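> One file is attached below, protein25.cif, containing mmCIF, C-alpha atoms.
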data_start
#
loop_
_atom_site.label_atom_id
_atom_site.label_comp_id
_atom_site.auth_asym_id
_atom_site.auth_seq_id
_atom_site.Cartn_x
_atom_site.Cartn_y
_atom_site.Cartn_z
CA MET A 10 0.00 0.00 0.00
CA ILE A 11 1.07 3.60 -0.65
CA PRO A 12 0.09 5.53 2.52
CA TYR A 13 -0.95 9.20 2.55
CA GLY A 14 2.01 9.95 4.84
CA LYS A 15 5.02 8.10 6.23
CA HIS A 16 8.25 8.66 8.16
CA HIS A 17 11.75 8.20 6.72
CA ILE A 18 14.32 6.33 8.80
CA ASP A 19 17.88 5.68 7.61
CA LYS A 20 21.02 4.05 9.06
CA ASP A 21 22.14 7.28 10.74
CA ASP A 22 18.83 7.51 12.61
CA ILE A 23 19.15 3.90 13.79
CA LYS A 24 22.77 4.43 14.88
CA ALA A 25 21.81 7.55 16.84
CA VAL A 26 19.11 5.68 18.76
CA ILE A 27 21.32 2.65 19.41
CA LYS A 28 24.03 4.94 20.79
CA VAL A 29 21.59 6.30 23.37
CA LEU A 30 20.38 2.81 24.27
CA LYS A 31 24.00 1.96 25.14
CA SER A 32 24.50 5.18 27.12
CA GLU A 33 23.83 6.06 30.74
CA ASN A 34 20.79 8.25 30.04
CA LEU A 35 17.65 7.00 28.35
CA THR A 36 15.73 10.01 29.64
CA GLN A 37 16.39 13.29 31.50
CA GLY A 38 19.85 13.33 29.96
CA PRO A 39 21.89 15.86 27.94
CA LEU A 40 20.35 15.18 24.51
CA ILE A 41 17.10 16.90 25.42
CA ASP A 42 18.75 20.26 26.02
CA TYR A 43 20.92 19.76 22.93
CA PHE A 44 17.90 18.98 20.75
CA GLU A 45 16.05 22.03 22.08
CA LYS A 46 18.99 24.31 21.28
CA LYS A 47 19.27 22.91 17.74
CA VAL A 48 15.55 23.45 17.09
CA SER A 49 15.76 27.00 18.47
CA LYS A 50 18.65 27.76 16.15
CA TYR A 51 16.87 26.26 13.14
CA VAL A 52 13.65 28.25 13.55
CA GLY A 53 15.26 31.40 14.93
CA ALA A 54 13.71 31.42 18.41
CA LYS A 55 15.47 32.05 21.73
CA TYR A 56 14.04 29.06 23.59
CA SER A 57 12.52 25.63 23.01
CA VAL A 58 10.88 23.14 25.37
CA ALA A 59 10.51 19.58 24.04
CA VAL A 60 7.50 17.56 25.22
CA THR A 61 5.81 14.20 24.70
CA SER A 62 3.51 15.39 21.91
CA CYS A 63 2.15 18.44 20.14
CA THR A 64 -1.05 17.94 22.15
CA ALA A 65 0.96 18.19 25.37
CA GLY A 66 2.56 21.36 24.00
CA LEU A 67 -0.82 22.90 23.19
CA HIS A 68 -2.05 22.03 26.68
CA LEU A 69 0.95 23.70 28.34
CA ALA A 70 0.61 26.71 26.05
CA SER A 71 -2.99 27.12 27.23
CA ILE A 72 -1.90 26.94 30.87
CA VAL A 73 0.83 29.55 30.33
CA SER A 74 -1.74 31.71 28.55
CA LYS A 75 -3.79 31.63 31.78
CA ILE A 76 -6.77 29.90 30.19
CA ASN A 77 -9.22 28.85 32.89
CA LYS A 78 -12.94 29.07 33.63
CA GLY A 79 -14.42 32.06 31.85
CA LYS A 80 -11.49 32.46 29.45
CA VAL A 81 -11.92 31.89 25.71
CA LEU A 82 -9.60 30.49 23.04
CA LEU A 83 -10.34 31.17 19.36
CA THR A 84 -9.10 28.76 16.70
CA SER A 85 -9.93 27.43 13.23
CA ALA A 86 -12.95 25.26 12.51
CA ILE A 87 -10.70 23.04 10.37
CA THR A 88 -8.11 21.48 12.64
CA PHE A 89 -7.44 18.36 14.67
CA ALA A 90 -9.36 18.09 17.94
CA SER A 91 -6.29 18.71 20.13
CA THR A 92 -6.14 22.41 19.17
CA ALA A 93 -9.65 22.99 20.47
CA ASN A 94 -9.20 20.65 23.44
CA SER A 95 -6.18 22.52 24.80
CA ALA A 96 -8.38 25.23 26.33
CA LEU A 97 -10.96 22.73 27.55
CA PHE A 98 -8.25 20.84 29.47
CA CYS A 99 -7.80 24.04 31.50
CA GLY A 100 -11.50 24.63 32.16
CA GLY A 101 -11.77 27.33 29.51
CA GLU A 102 -13.95 27.63 26.41
CA THR A 103 -13.08 27.19 22.75
CA ILE A 104 -14.84 29.07 19.96
CA PHE A 105 -14.15 28.91 16.24
CA ALA A 106 -13.63 31.08 13.19
CA ASP A 107 -14.29 30.07 9.60
CA ILE A 108 -11.49 29.40 7.12
CA ASP A 109 -10.27 31.25 4.06
CA LYS A 110 -11.37 29.47 0.86
CA SER A 111 -8.02 29.64 -0.90
CA THR A 112 -5.61 28.84 1.95
CA ILE A 113 -7.83 26.70 4.23
CA ASN A 114 -6.23 28.66 7.07
CA ILE A 115 -8.22 30.67 9.58
CA SER A 116 -9.99 33.63 7.93
CA ILE A 117 -8.90 37.09 9.04
CA ASP A 118 -12.39 38.49 8.36
CA SER A 119 -13.95 35.68 10.38
CA ILE A 120 -11.56 36.36 13.29
CA LYS A 121 -12.62 40.03 13.26
CA ASN A 122 -16.29 39.11 13.12
CA THR A 123 -15.95 36.58 15.93
CA ILE A 124 -14.08 38.90 18.32
CA SER A 125 -16.65 41.62 17.70
CA LYS A 126 -19.20 39.31 19.35
CA ASN A 127 -17.04 37.50 21.92
CA LYS A 128 -14.40 38.33 24.51
CA VAL A 129 -11.34 36.37 23.32
CA HIS A 130 -8.26 35.85 25.50
CA VAL A 131 -6.16 33.58 23.24
CA ILE A 132 -5.94 33.21 19.46
CA ALA A 133 -4.53 29.90 18.23
CA PRO A 134 -4.10 30.01 14.43
CA VAL A 135 -3.47 26.67 12.70
CA HIS A 136 -0.97 26.48 9.82
CA PHE A 137 -2.99 24.00 7.81
CA GLY A 138 -1.06 21.60 5.57
CA GLY A 139 2.18 23.41 6.42
CA LEU A 140 1.17 26.82 5.02
CA ALA A 141 1.59 29.68 7.49
CA CYS A 142 -1.40 31.84 8.33
CA ASP A 143 -1.28 35.60 7.82
CA MET A 144 0.43 36.06 11.18
CA LYS A 145 1.20 39.73 10.71
CA LYS A 146 -2.52 40.56 10.58
CA ILE A 147 -3.33 38.13 13.38
CA LYS A 148 -0.70 39.75 15.59
CA GLN A 149 -2.26 43.17 14.92
CA ILE A 150 -5.69 41.83 15.89
CA GLY A 151 -4.29 40.19 19.01
CA LYS A 152 -2.60 43.40 20.09
CA LYS A 153 -5.86 45.36 19.83
CA ILE A 154 -7.71 42.98 22.14
CA ASN A 155 -4.69 42.18 24.37
CA ALA A 156 -4.83 38.47 23.45
CA ILE A 157 -2.07 35.88 23.79
CA ILE A 158 -1.23 34.22 20.46
CA PHE A 159 0.16 30.73 20.11
CA GLU A 160 0.58 29.04 16.76
CA ASP A 161 -0.49 25.46 16.13
CA ALA A 162 2.31 24.57 13.74
CA ALA A 163 1.86 20.79 13.94
CA HIS A 164 2.01 20.66 10.13
CA ALA A 165 4.54 23.42 9.61
CA PHE A 166 8.03 22.50 10.82
CA GLY A 167 10.30 23.83 8.07
CA ALA A 168 7.71 26.28 6.71
CA LYS A 169 8.26 30.01 6.21
CA TYR A 170 6.17 33.13 6.61
CA SER A 171 5.66 35.33 3.58
CA ASP A 172 8.59 37.52 4.71
CA GLY A 173 10.95 34.51 4.52
CA SER A 174 11.44 34.03 8.28
CA LYS A 175 10.76 30.57 9.67
CA VAL A 176 7.59 29.45 11.38
CA GLY A 177 8.61 28.94 14.99
CA SER A 178 10.64 32.13 15.27
CA CYS A 179 7.67 33.55 17.23
CA LYS A 180 8.07 36.80 15.34
CA TYR A 181 4.31 37.23 15.43
CA SER A 182 3.32 35.21 18.49
CA ASP A 183 4.07 34.33 22.09
CA MET A 184 4.60 30.61 21.41
CA THR A 185 4.68 28.12 18.53
CA ILE A 186 3.96 24.42 18.94
CA PHE A 187 5.25 21.72 16.57
CA SER A 188 4.55 18.00 16.16
CA PHE A 189 7.19 15.34 15.53
CA HIS A 190 4.71 12.54 14.89
CA PRO A 191 5.98 10.09 12.21
CA VAL A 192 3.97 11.64 9.36
CA LYS A 193 5.33 15.14 10.05
CA SER A 194 8.44 16.89 8.63
CA ILE A 195 10.75 15.14 11.11
CA ALA A 196 9.95 12.33 13.53
CA THR A 197 10.81 11.55 17.13
CA GLY A 198 8.26 8.71 17.34
CA GLU A 199 5.71 10.74 19.25
CA GLY A 200 6.84 14.13 20.48
CA GLY A 201 6.56 17.87 20.07
CA ILE A 202 8.21 21.14 20.97
CA ILE A 203 7.20 24.66 22.04
CA THR A 204 9.30 27.63 20.93
CA THR A 205 9.21 31.10 22.46
CA ASN A 206 11.26 34.27 22.86
CA ASN A 207 9.92 34.98 26.34
CA LYS A 208 12.22 33.79 29.15
CA LYS A 209 9.44 33.78 31.75
CA ILE A 210 7.26 31.60 29.53
CA TYR A 211 10.22 29.31 28.83
CA GLU A 212 10.96 28.77 32.52
CA GLN A 213 7.30 28.06 33.33
CA LEU A 214 7.03 25.58 30.45
CA LYS A 215 10.06 23.71 31.75
CA ARG A 216 8.45 23.39 35.18
CA LEU A 217 5.06 22.40 33.83
CA ARG A 218 6.42 19.53 31.71
CA ASN A 219 8.09 18.10 34.85
CA HIS A 220 5.32 17.99 37.48
CA GLY A 221 5.65 21.72 38.25
CA LEU A 222 9.02 21.13 39.92
CA GLU A 223 11.72 23.75 40.42
CA LYS A 224 15.28 22.59 41.08
CA GLU A 225 17.26 25.80 40.67
CA GLN A 226 18.29 27.31 44.00
CA GLU A 227 17.84 30.95 43.07
CA LYS A 228 14.20 30.28 42.12
CA PHE A 229 13.17 28.50 45.34
CA LEU A 230 10.19 30.04 47.15
CA LEU A 231 10.91 28.45 50.55
CA LYS A 232 14.62 29.13 50.73
CA LYS A 233 14.95 28.24 54.43
CA ASN A 234 13.94 24.66 53.59
CA ALA A 235 16.71 24.41 51.03
CA PHE A 236 19.53 24.70 53.58
CA THR A 237 20.79 22.98 56.71
CA ASN A 238 23.14 25.21 58.73
CA ASP A 239 23.91 27.28 55.61
CA LEU A 240 24.68 24.12 53.62
CA LYS A 241 22.47 23.52 50.59
CA ASN A 242 20.37 20.37 50.86
CA PRO A 243 21.40 18.39 47.75
CA TRP A 244 18.08 16.54 47.58
CA TYR A 245 15.85 19.59 47.77
CA TYR A 246 13.39 20.69 45.10
CA GLU A 247 10.00 22.41 45.13
CA MET A 248 6.68 21.72 43.45
CA GLN A 249 5.60 25.29 42.78
CA GLU A 250 2.57 24.69 40.55
CA LEU A 251 0.46 21.84 39.23
CA GLY A 252 2.43 20.27 36.37
CA TYR A 253 2.49 17.12 34.29
CA ASN A 254 4.83 14.37 33.21
CA TYR A 255 5.26 15.61 29.66
CA ARG A 256 8.98 14.84 29.50
CA ILE A 257 10.41 13.69 26.19
CA THR A 258 13.21 11.07 26.29
CA ASP A 259 16.82 11.10 25.16
CA ILE A 260 15.95 8.22 22.83
CA GLN A 261 13.40 10.39 21.04
CA CYS A 262 15.72 13.40 20.98
CA ALA A 263 18.53 11.32 19.49
CA LEU A 264 16.20 10.43 16.63
CA GLY A 265 15.07 14.04 16.37
CA LEU A 266 18.64 15.34 16.18
CA SER A 267 19.48 12.86 13.43
CA GLN A 268 16.31 13.76 11.51
CA LEU A 269 16.96 17.50 11.93
CA LYS A 270 20.20 17.14 9.97
CA LYS A 271 18.07 16.09 6.98
CA ILE A 272 15.29 18.65 7.32
CA ASP A 273 16.24 20.72 4.26
CA LYS A 274 16.36 17.57 2.15
CA PHE A 275 12.97 16.48 3.49
CA ILE A 276 11.32 19.85 2.82
CA ASN A 277 12.79 20.19 -0.70
CA LYS A 278 11.59 16.71 -1.68
CA ARG A 279 8.09 17.40 -0.38
CA LYS A 280 7.98 20.64 -2.37
CA LYS A 281 9.15 18.83 -5.51
CA ILE A 282 6.45 16.17 -5.13
CA ALA A 283 3.73 18.78 -4.55
CA LYS A 284 4.74 20.81 -7.59
CA LYS A 285 4.77 17.68 -9.74
CA TYR A 286 1.22 16.92 -8.64
CA ASP A 287 0.19 20.52 -9.38
CA LEU A 288 1.47 20.26 -12.92
CA ALA A 289 -0.17 16.89 -13.50
CA PHE A 290 -3.58 17.98 -12.23
CA GLU A 291 -3.84 21.49 -13.66
CA ASN A 292 -6.35 20.55 -16.37
CA LEU A 293 -8.57 18.17 -14.40
CA LYS A 294 -12.22 19.22 -14.49
CA ASN A 295 -13.57 17.52 -11.38
CA CYS A 296 -10.92 18.57 -8.87
CA LYS A 297 -8.27 21.13 -8.03
CA PRO A 298 -5.43 21.23 -5.48
CA ILE A 299 -5.49 23.63 -2.55
CA GLN A 300 -2.63 26.06 -1.70
CA LYS A 301 -1.19 25.61 -5.21
CA ASN A 302 0.54 28.99 -5.37
CA MET A 303 2.21 28.75 -1.94
CA ARG A 304 4.47 25.70 -2.28
CA ASP A 305 7.71 27.62 -1.78
CA PHE A 306 6.62 28.84 1.67
CA SER A 307 4.84 25.72 2.89
CA SER A 308 6.37 22.64 4.51
CA ASN A 309 3.92 20.76 2.24
CA HIS A 310 2.81 18.37 4.95
CA LEU A 311 -0.37 17.46 3.06
CA TYR A 312 -1.49 17.36 -0.56
CA VAL A 313 -5.24 17.96 -0.63
CA LEU A 314 -7.53 17.84 -3.64
CA LYS A 315 -10.88 19.61 -3.60
CA ILE A 316 -13.21 17.33 -5.56
CA ASN A 317 -16.63 18.08 -6.99
CA PHE A 318 -18.26 14.79 -6.01
CA LYS A 319 -21.62 15.77 -7.42
CA LYS A 320 -20.10 16.42 -10.81
CA LEU A 321 -17.99 13.29 -10.49
CA GLY A 322 -21.08 11.20 -9.83
CA LYS A 323 -19.69 9.20 -6.91
CA THR A 324 -19.34 9.59 -3.17
CA ARG A 325 -16.09 10.22 -1.34
CA ALA A 326 -16.42 6.88 0.47
CA LYS A 327 -16.74 5.07 -2.87
CA LEU A 328 -13.75 6.95 -4.30
CA MET A 329 -11.57 6.20 -1.27
CA ASN A 330 -12.41 2.52 -1.58
CA GLU A 331 -11.53 2.61 -5.28
CA PHE A 332 -8.15 4.13 -4.45
CA ARG A 333 -7.61 1.53 -1.74
CA LYS A 334 -8.24 -1.29 -4.20
CA THR A 335 -5.41 0.06 -6.36
CA GLY A 336 -3.09 0.15 -3.34
CA ILE A 337 -3.36 3.89 -2.60
CA MET A 338 -4.39 5.15 0.84
CA THR A 339 -6.18 8.49 1.09
CA GLN A 340 -7.46 10.49 4.06
CA VAL A 341 -9.64 13.46 4.99
CA HIS A 342 -8.09 16.38 6.90
CA TYR A 343 -10.26 17.31 8.81
CA ILE A 344 -13.83 16.88 9.95
CA PRO A 345 -14.89 20.36 11.17
CA VAL A 346 -14.38 20.32 14.94
CA ILE A 347 -17.92 21.45 15.69
CA SER A 348 -19.27 18.34 13.92
CA HIS A 349 -17.92 15.98 16.57
CA PRO A 350 -20.50 14.74 19.10
CA TYR A 351 -18.68 16.40 22.01
CA PHE A 352 -18.87 19.84 20.39
CA LYS A 353 -22.35 19.36 18.93
CA LYS A 354 -23.65 19.58 22.49
CA LYS A 355 -22.50 23.19 22.52
CA ASN A 356 -24.95 24.07 19.72
CA TYR A 357 -22.66 25.77 17.24
CA ASP A 358 -24.44 26.87 14.08
CA GLU A 359 -22.93 25.21 11.00
CA ASN A 360 -24.18 28.13 8.91
CA ASP A 361 -21.54 30.30 10.59
CA PHE A 362 -18.81 28.24 8.91
CA PRO A 363 -19.76 27.95 5.22
CA ASN A 364 -16.18 27.77 3.95
CA ALA A 365 -15.19 25.08 6.44
CA PHE A 366 -18.09 22.83 5.47
CA ASP A 367 -17.67 23.48 1.76
CA TYR A 368 -14.02 22.45 2.10
CA TYR A 369 -14.86 19.39 4.21
CA ASP A 370 -17.44 18.16 1.71
CA SER A 371 -14.84 18.18 -1.08
CA ALA A 372 -11.45 17.41 0.54
CA LEU A 373 -9.28 14.36 -0.02
CA SER A 374 -5.59 14.00 0.89
CA ILE A 375 -3.45 11.88 -1.42
CA PRO A 376 0.06 10.47 -0.71
CA LEU A 377 2.86 12.94 0.01
CA TYR A 378 5.99 11.97 1.94
CA TYR A 379 9.77 11.94 1.51
CA ASP A 380 10.11 8.29 0.44
CA LEU A 381 7.41 8.52 -2.23
CA ASN A 382 9.42 7.62 -5.31
CA ASN A 383 8.88 8.72 -8.89
CA LYS A 384 7.30 5.44 -9.97
CA GLN A 385 4.84 5.52 -7.08
CA GLN A 386 3.93 9.14 -7.69
CA LEU A 387 3.32 8.53 -11.39
CA PHE A 388 1.07 5.64 -10.41
CA VAL A 389 -0.88 7.90 -8.00
CA ILE A 390 -1.19 10.55 -10.74
CA ASP A 391 -2.42 7.96 -13.20
CA GLN A 392 -5.05 6.68 -10.76
CA VAL A 393 -6.22 10.19 -9.86
CA LYS A 394 -6.73 10.94 -13.57
CA LYS A 395 -8.47 7.62 -14.07
CA LEU A 396 -10.77 7.77 -11.03
CA ILE A 397 -11.40 11.51 -10.82
CA GLY A 398 -10.37 13.19 -14.04
#
Once more with this new file: its structure as structure tokens, please.


Amino acid sequence: MIPYGKHHIDKDDIKAVIKVLKSENLTQGPLIDYFEKKVSKYVGAKYSVAVTSCTAGLHLASIVSKINKGKVLLTSAITFASTANSALFCGGETIFADIDKSTINISIDSIKNTISKNKVHVIAPVHFGGLACDMKKIKQIGKKINAIIFEDAAHAFGAKYSDGSKVGSCKYSDMTIFSFHPVKSIATGEGGIITTNNKKIYEQLKRLRNHGLEKEQEKFLLKKNAFTNDLKNPWYYEMQELGYNYRITDIQCALGLSQLKKIDKFINKRKKIAKKYDLAFENLKNCKPIQKNMRDFSSNHLYVLKINFKKLGKTRAKLMNEFRKTGIMTQVHYIPVISHPYFKKKNYDENDFPNAFDYYDSALSIPLYYDLNNKQQLFVIDQVKKLIG
């Protein structure tokens, strides 16, 4: 089968992991800090905090943003559930904006309309498919309403803003959260990372991922308990806030460091594959690719076709089964969040999100990943033309 997405592992990755398995530290060792520094340097941010998953990162970002009961997070209607859930984990509320038809990213006009009717404390734009949102405009909106901004960049490691700076530099936000799940730009197994330029945020994130513990002497709150007759108690630490065990391991970071060395190669190959699809599908009548004119800025995590199923004369379920029979796996990214049973209880009006539902009714992701070879891609192209064109 040709999957819609897949990780790439080579001998260097395997050697890096084996080296850690033979070392003294499988977790809480030096590779975590080293990996964080390398990611910070790559994206152009001052600080990074690696965690167990992007979902964990989104959760911690919501805590740092002081989301709690009565506080509201605004995000895109087209995203994975974890973006919306991050505020709910903290007792807050999540509301949604519609998407832009051409980019599938959160609509600037819809953000403005939504905040005119709701008090919003946090804006969490989602860089769908690896294409950065219009962060300059979102930052301006956030400044006017004094909102924290954190970017859900699960799809966008290696992507650039329109000014050429890298997503993750936090040039337009307080934090950026990435995913290193196997189908993403680089893999650590599971895993994620939060980048920021704010030292206070950085230090709190480090505590929160480790049970809320503080081990640095100068930051102790109960300093008298840290000493015995002016001698520092070597065992002493403080739990200063409610935290979590969101620690990533040295094993994962070893894989991440090895993968990071290949990131430019990964991103360039994804771009090449996407552009080849664009060229092949430019004259198809029943479908068109999204984000076609933005390949050079995107990390090209997904390749999504918008298909006119009514004109095609078959359902999406039937088409996906036809692809599967040929050995090609497809997927849908994503079901609008408000359509899930949990969110339906909150009585959102689907009519407020026409672009999101129009996109959902027509979207289909086809294979795009580093190891997709020329022969496989030509086969996918041929089947798309045969089954859709």

> Taking 3 positions as the minimum chain separation for residues in the same chain, which residues sit within 7 Å of Pro12 (chain A) when counting all atoms listed in the file? Answer as a PDB file with C-alpha atoms, keeping the file's coordinate frame.


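And here is the file that came out, out.pdb:
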ATOM      1  CA  LYS A  15       5.020   8.100   6.230  1.00  0.00           C
ATOM      2  CA  ILE A 337      -3.360   3.890  -2.600  1.00  0.00           C
ATOM      3  CA  MET A 338      -4.390   5.150   0.840  1.00  0.00           C
ATOM      4  CA  PRO A 376       0.060  10.470  -0.710  1.00  0.00           C
TER       5      PRO A 376
END

> Please write the residues picked by the PyMOL selection byres ((chain A and resi 88) around 8) on this file as a list in words.

Ser85, Ala86, Ile87, Phe89, Ala90, Thr92, Val135, Phe137, His342, Tyr343, Ile344, Pro345 and Val346 of chain A

> Could you work out how far CA of Ser62 (chain A) lies from CA of Ala106 (chain A), giving the answer in Å with one decimal?

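We find that CA of Ala106 (chain A) and CA of Ser62 (chain A) lie 24.8 Å from each other.
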
> Could you tell me which residues the PyMOL selection byres ((chain A and resi 139) around 7) grabs in this file, written as a ChimeraX atom specification?

/A:136-138,140-141,164-165,168,307-310

> I need the residues from that last selection saved to file as an mmCIF file, keeping the file's coordinate frame (with C-alpha atoms), if you can.


data_model
loop_
_atom_site.group_PDB
_atom_site.id
_atom_site.type_symbol
_atom_site.label_atom_id
_atom_site.label_comp_id
_atom_site.auth_asym_id
_atom_site.auth_seq_id
_atom_site.Cartn_x
_atom_site.Cartn_y
_atom_site.Cartn_z
ATOM 1 C CA HIS A 136 -0.970 26.480 9.820
ATOM 2 C CA PHE A 137 -2.990 24.000 7.810
ATOM 3 C CA GLY A 138 -1.060 21.600 5.570
ATOM 4 C CA LEU A 140 1.170 26.820 5.020
ATOM 5 C CA ALA A 141 1.590 29.680 7.490
ATOM 6 C CA HIS A 164 2.010 20.660 10.130
ATOM 7 C CA ALA A 165 4.540 23.420 9.610
ATOM 8 C CA ALA A 168 7.710 26.280 6.710
ATOM 9 C CA SER A 307 4.840 25.720 2.890
ATOM 10 C CA SER A 308 6.370 22.640 4.510
ATOM 11 C CA ASN A 309 3.920 20.760 2.240
ATOM 12 C CA HIS A 310 2.810 18.370 4.950
#

> Quick check on the file I pasted: which residues fall under the PyMOL selection byres ((chain A and resi 273-278) around 10)? Write them as a list of chain:residue names.

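Taken on the displayed file, the PyMOL selection byres ((chain A and resi 273-278) around 10) yields the residues A:His17, A:Phe166, A:Gly167, A:Ala168, A:Ser194, A:Ile195, A:Gln268, A:Leu269, A:Lys270, A:Lys271, A:Ile272, A:Arg279, A:Lys280, A:Lys281, A:Ile282, A:Ala283, A:Lys284, A:Asp305, A:Ser307, A:Ser308, A:Asn309, A:His310, A:Leu377, A:Tyr378, A:Tyr379, A:Asp380, A:Leu381.
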